[in-house]
Amino acid sequence: MKYVAGLCIAGALAFAACAHAQTIYPLDRAEILAGAKFDLKVEFPSAPEQGAVKVTINGQDADKALGKDATFVSREDGGDYSAYWIRGAAITKPGKYTVEATAGDRTASVGWEVFDTGAPKAKNVILFIGDGMSIAHRTAARILSKGIVQGRYGGELAMDDMPYMALVSTAGTDSIVTDSANSMSSYTTGHKSCVNALGVYCARNKNTLDHPKVETISEIVKRLRGMAVGVVTNTEIEDATPAGMVAHTRRRSDYNDIVKMFFAVQPEVMMGGGSPSFLAKSTPGSKRTDEDDYIKKFEQAGYKFVSTKAELDAAKGAPKVLGLFNTGNVDGALDRMFLKKGGVAKFPDQPDLTDQVKASLDILSKNDNGFVLMVESGRIDKYSHSLDWERAVYDTIMLDNAVKLAKDFAAARNDTLVIVVPDHAHPVSIIGTYDDDRPGQQLRDKLGVYAEAGFPNYPPANAQGYPDKVDVSRRIAFMFGSYPDYCDTGHPYLDGENVPAVAGATKGTYVANEKYCTVPAAARVPGNLPPADAQGVHSGDDVLLTATGPGAEQFHGRIDNTRVFRAMATALGLAPGSGK
């Protein structure tokens with residue numbers, strides 16, 4: 001009986017046996033950078049003994065092919081399977097590889113492509129992640145920041161004015177709809193994974209840290225090239241997207257361990273929120289489960305620790321910086337600059353994403369070997385989950401301002417690849433405008449579509465691209481395609497981030513937040529999500545990537561998200577022997 005990629009191909013009658021085929025990691029059709037490290041794991045169902053199994057790569061015993069000892073674990077974690085491991089393996093010769101795993105009369109097979117990169121084209125890579133940024137976010141950001149008259153915009157977004165683009169598909173190994181963990185891991189490792197996983201394949205291990213690992217781009221460029229690394233975000237720095245630069249865990253919520261992983265890799269620049277996971281357990285406000293003080297550990301490792309914009313500005317010239325500007329996520333642009341809501345009263349001097357990028361480029365560009373910088377505007381996603389589009393779009397404008405800085409940095413150098421890409425999409429669209437002057441008492445009466453939509457009347461944007469008022473009389477009608485029970489007011493949430501649903505009478509269910517249901521013209525909207533969901537969810541739509549600089553020509557047509565890693569690795573020439 002023959003199996004491919006852990007699935008039976010002996011016909012429909014044998015389907016029941018298919019679920020019991022051995023599983024090989026990395027999975028079928030994996031694309032592996034020559035020289036990058038990975039864990040080979042095979043899980044054999046029914047727990048055969050070591051003498052009954054065989055694993056080969058292109059017909060040669062896997063341990064000999066990889067030049068590393070194999071480990072066999074009978075009934076791993078007490079399960080009804082045995083595991084074959086080769087940890088920290090690497091293949092330096094490009095080509096096609098077939099891995100076969102045999103136990104008795106069952107053989108599973110997967111195919112890998114190990115790819116070369118050739119000589120480097122770029123010295124640096126700057127990867128911008130608009131978390132959850134969909135086409136509607138970009139369009140609304142262009143309307144608000146550039147204006148639109150008679151159907152023509154008053155200018156281009158920096159992220160739009162780039163010569164190369166591609167549609168990126170984001171599905172993971174377990175679902176057509178991804179989360180930020182496995183989608184970011186695809187960008188940073190070149191391997192697909194499953195929901196909630198970072199830098200690992202999702203195997204059967206009980207311990208979240210024991211799953212088969214794949215090396216991240218941060219680890220690769222430091223190990224092979226001595227390059228600098230920067231991780232910049234306006235979320236908690238342990239959150240999925242920034243953690244994807246360094247982490248190896250099946251569970252993205254392993255914040256304590258993710259901080260340890262940041263310390264193991266030691267990116268030269270680390271900026272975001274999430275300070276409680278760095279504080280020793282006995283420190284008030286700490287979320288650690290041990291007494292390790294990671295702020296002190298980073299300081300002892302030569303980092304300048306900063307917690308405000310003023311301290312960040314004063315840290316100019318520091319060789320390494322750890323910036324933690326909020327106990328949670330850094331507040332978004334609309335709250336920090338205009339509404340003064342969220343955590344602004346408690347943290348009045350949080351830096352903008354542009355402040356962080358300026359400081360990062362100053363530090364990282366001093367490394368003669370080059371750098372990789374990841375910059376995330378993460379609250380685009382978080383505000384979209386809470387159906388708060390104005391806050392999401394102001395953070396899209398903020399991201400675009402940061403992209404402009406990176407493009408200006410790269411303009412005269414011709415050695416820096418700049419990429420702007422979401423990790424996934426949200427189901428969002430612009431369908432018209434809400435006009436308070438339209439007759440009628442219901443929200444739908446205020447909605448203009450087609451010719452009745454006209455154009456919104458936001459004031460002209462300031463020098464940073466932000467209108468100073470969002471609660472105008474004719475506003476963008478920005479619609480969400482996934483939602484719990486909620487009340488839609490058709491207006492921005494001036495008193496703080498939207499909370500669309502609250503806990504219902506039945507434990508584990510959510511109902512509309514009545515706070516918004518009494519607003520004039522508010523529409524009570526029955527949810528289209530399961531009652532256990534309190535917020536909107538991601539969509540499986542492709543996302544739009546734009547890029548400029550050496551290596552950007554690799555982006556065209558439709559690509560899988562893993563190709564973003566491959567393009568970065570190729571631009572930097574990371575395969576062994578590519579040289580400089």
# chains A, B, ... in the order shown; residues from 1 in each chain; ligands from 1
call {"tool": "residues_around", "arguments": {"residues": "Ala203 of chain A", "least_positions_apart": "2", "cutoff": "12 Å", "atoms": "only C-alpha atoms", "output": "number ranges by chain"}}
result
A: 22-27, 39-44, 76-77, 81, 83, 85, 173-174, 193-194, 197, 200-201, 205-213, 249-250
call {"tool": "write_last_selection", "arguments": {"atoms": "C-alpha atoms", "output": "mmCIF file, in the first residue's frame"}}
result
data_model
loop_
_atom_site.group_PDB
_atom_site.id
_atom_site.type_symbol
_atom_site.label_atom_id
_atom_site.label_comp_id
_atom_site.auth_asym_id
_atom_site.auth_seq_id
_atom_site.Cartn_x
_atom_site.Cartn_y
_atom_site.Cartn_z
ATOM 1 C CA GLN A 22 2.777 8.050 8.961
ATOM 2 C CA THR A 23 3.218 11.812 8.809
ATOM 3 C CA ILE A 24 6.444 13.430 7.669
ATOM 4 C CA TYR A 25 7.605 16.927 8.634
ATOM 5 C CA PRO A 26 8.450 19.127 6.757
ATOM 6 C CA LEU A 27 5.321 18.389 4.785
ATOM 7 C CA ASP A 39 13.770 19.387 12.279
ATOM 8 C CA LEU A 40 12.886 16.223 10.382
ATOM 9 C CA LYS A 41 10.175 14.307 12.190
ATOM 10 C CA VAL A 42 8.181 11.228 11.207
ATOM 11 C CA GLU A 43 5.221 10.067 13.273
ATOM 12 C CA PHE A 44 4.440 6.359 12.889
ATOM 13 C CA GLU A 76 6.061 9.610 22.297
ATOM 14 C CA ASP A 77 4.207 11.526 25.027
ATOM 15 C CA TYR A 81 2.552 6.389 17.808
ATOM 16 C CA ALA A 83 8.466 9.279 16.491
ATOM 17 C CA TRP A 85 13.599 12.733 14.827
ATOM 18 C CA THR A 173 -1.793 23.737 6.613
ATOM 19 C CA ASP A 174 -5.030 23.273 8.557
ATOM 20 C CA SER A 193 2.026 25.913 9.430
ATOM 21 C CA CYS A 194 -1.282 25.829 11.303
ATOM 22 C CA ALA A 197 1.817 28.129 15.507
ATOM 23 C CA VAL A 200 7.123 25.018 13.896
ATOM 24 C CA TYR A 201 5.189 22.356 12.051
ATOM 25 C CA ASN A 205 3.579 16.704 20.712
ATOM 26 C CA LYS A 206 1.876 17.673 23.945
ATOM 27 C CA ASN A 207 4.471 20.267 24.925
ATOM 28 C CA THR A 208 3.951 23.363 22.790
ATOM 29 C CA LEU A 209 7.717 23.900 22.561
ATOM 30 C CA ASP A 210 8.511 20.375 21.290
ATOM 31 C CA HIS A 211 7.064 20.563 17.770
ATOM 32 C CA PRO A 212 9.378 20.289 14.728
ATOM 33 C CA LYS A 213 11.180 23.601 14.328
ATOM 34 C CA THR A 249 6.043 27.311 19.646
ATOM 35 C CA ARG A 250 2.745 25.615 18.819
#
call {"tool": "residues_around", "arguments": {"residues": "segment 323-328 of chain A", "least_positions_apart": "2", "cutoff": "8 Å", "atoms": "only C-alpha atoms", "output": "list in words"}}
result
Thr235, Glu236, Met270, Met271, Gly272, Gly273, Gly274, Ser275, Pro276, Phe305, Val306, Ser307, Thr308, Leu312, Val321, Val330, Phe347, Gln350 and Pro351 of chain A
call {"tool": "residues_around", "arguments": {"residues": "segment 291-299 of chain A", "least_positions_apart": "4", "cutoff": "8 Å", "atoms": "only C-alpha atoms", "output": "list in words"}}
result
Val259, Phe263, Phe278, Leu279, Ala280, Lys281, Ser282, Tyr303, Lys304, Phe305 and Leu322 of chain A
call {"tool": "select_by_dssp", "arguments": {"residues": "segment 38-151 of chain A", "states": "strand (DSSP E)", "output": "PyMOL selection string"}}
result
chain A and resi 38-45+53-57+60-61+71-73+81-89+95-103+106-115+124-130+148-149
call {"tool": "residues_around", "arguments": {"residues": "Pro120 of chain A", "least_positions_apart": "4", "cutoff": "6 Å", "atoms": "only C-alpha atoms", "output": "list in words"}}
result
Ala571, Leu572 and Gly573 of chain A
call {"tool": "write_last_selection", "arguments": {"atoms": "N, CA and C atoms", "output": "compact mmCIF listing (two decimals), in the first residue's frame"}}
result
# COMPACT_ATOMS: atom_id res chain seq x y z
N ALA A 571 17.02 37.68 -2.48
CA ALA A 571 17.57 39.03 -2.60
C ALA A 571 18.84 39.19 -1.78
N LEU A 572 18.87 38.58 -0.59
CA LEU A 572 20.04 38.66 0.28
C LEU A 572 21.12 37.63 -0.07
N GLY A 573 20.79 36.68 -0.95
CA GLY A 573 21.76 35.65 -1.33
C GLY A 573 22.18 34.79 -0.15
call {"tool": "residues_around", "arguments": {"residues": "Ser74 of chain A", "least_positions_apart": "6", "cutoff": "8 Å", "atoms": "only C-alpha atoms", "output": "list in words"}}
result
Ala47, Pro48, Glu49, Gln50, Tyr81, Ser82 and Ala83 of chain A
call {"tool": "closest_atom_pairs", "arguments": {"of": "segment 26-145 of chain A", "to": "segment 419-433 of chain A", "cutoff": "6 Å", "atoms": "only C-alpha atoms", "output": "tab-separated table"}}
result
residue	atom	partner	partner_atom	distance
A:Leu127	CA	A:Ile419	CA	4.9
A:Phe128	CA	A:Val420	CA	4.7
A:Ile129	CA	A:Pro422	CA	5.2
A:Gly130	CA	A:Pro422	CA	4.5
A:Asp131	CA	A:Pro422	CA	5.2
A:Gly132	CA	A:Ala425	CA	4.7
A:Met133	CA	A:Pro422	CA	5.3
A:Ser134	CA	A:Ala425	CA	5.1
A:Ala136	CA	A:Ser429	CA	5.2
call {"tool": "closest_residue", "arguments": {"among": "A:Asp160, A:Glu100, A:Glu215, A:Asp61", "to": "Leu544 of chain A", "atoms": "only C-alpha atoms"}}
result
A:Asp160
call {"tool": "residues_around", "arguments": {"residues": "Val537 of chain A", "least_positions_apart": "2", "cutoff": "10 Å", "atoms": "only C-alpha atoms", "output": "list in words"}}
result
Gly132, Val177, Asp179, Asp381, Ser384, His385, Ser386, Leu387, Ala425, His426, Pro427, Phe480, Gly481, Ser482, Tyr483, Pro484, Leu529, Asp533, Ala534, Gln535 and Ser539 of chain A
call {"tool": "residues_around", "arguments": {"residues": "Val357 of chain A", "least_positions_apart": "2", "cutoff": "8 Å", "atoms": "only C-alpha atoms", "output": "list in words"}}
result
Val232, Leu353, Thr354, Asp355, Ala359, Ser360, Leu361, Val375, Ala402, Leu405 and Ala406 of chain A
call {"tool": "write_last_selection", "arguments": {"atoms": "C-alpha atoms", "output": "JSON list (two decimals), in the first residue's frame"}}
result
[["chain", "number", "residue", "atom", "x", "y", "z"],
["A", 232, "VAL", "CA", 9.25, 46.96, 15.51],
["A", 353, "LEU", "CA", 5.57, 53.98, 14.36],
["A", 354, "THR", "CA", 7.55, 56.54, 12.35],
["A", 355, "ASP", "CA", 9.60, 57.45, 15.44],
["A", 359, "ALA", "CA", 15.52, 55.14, 15.40],
["A", 360, "SER", "CA", 15.72, 51.59, 14.01],
["A", 361, "LEU", "CA", 17.26, 52.63, 10.71],
["A", 375, "VAL", "CA", 7.85, 46.75, 11.03],
["A", 402, "ALA", "CA", 6.68, 54.70, 8.01],
["A", 405, "LEU", "CA", 10.65, 56.90, 5.61],
["A", 406, "ALA", "CA", 11.97, 53.52, 4.48]]
call {"tool": "select_by_dssp", "arguments": {"residues": "segment 296-510 of chain A", "states": "alpha helix (DSSP H)", "output": "NGL selection string"}}
result
:A and (296-300 or 309-314 or 333-334 or 353-364 or 379-385 or 389-411)
call {"tool": "closest_residue", "arguments": {"among": "A:Asp468, A:Glu497, A:Asp488, A:Glu553", "to": "Asp331 of chain A", "atoms": "only C-alpha atoms"}}
result
A:Glu497
call {"tool": "atom_distance", "arguments": {"atom1": "atom CA of Ala411 of chain A", "atom2": "atom CA of Lys366 of chain A"}}
result
17.3 Å
call {"tool": "atom_distance", "arguments": {"atom1": "atom CA of Ile559 of chain A", "atom2": "atom CA of Ala166 of chain A"}}
result
6.9 Å
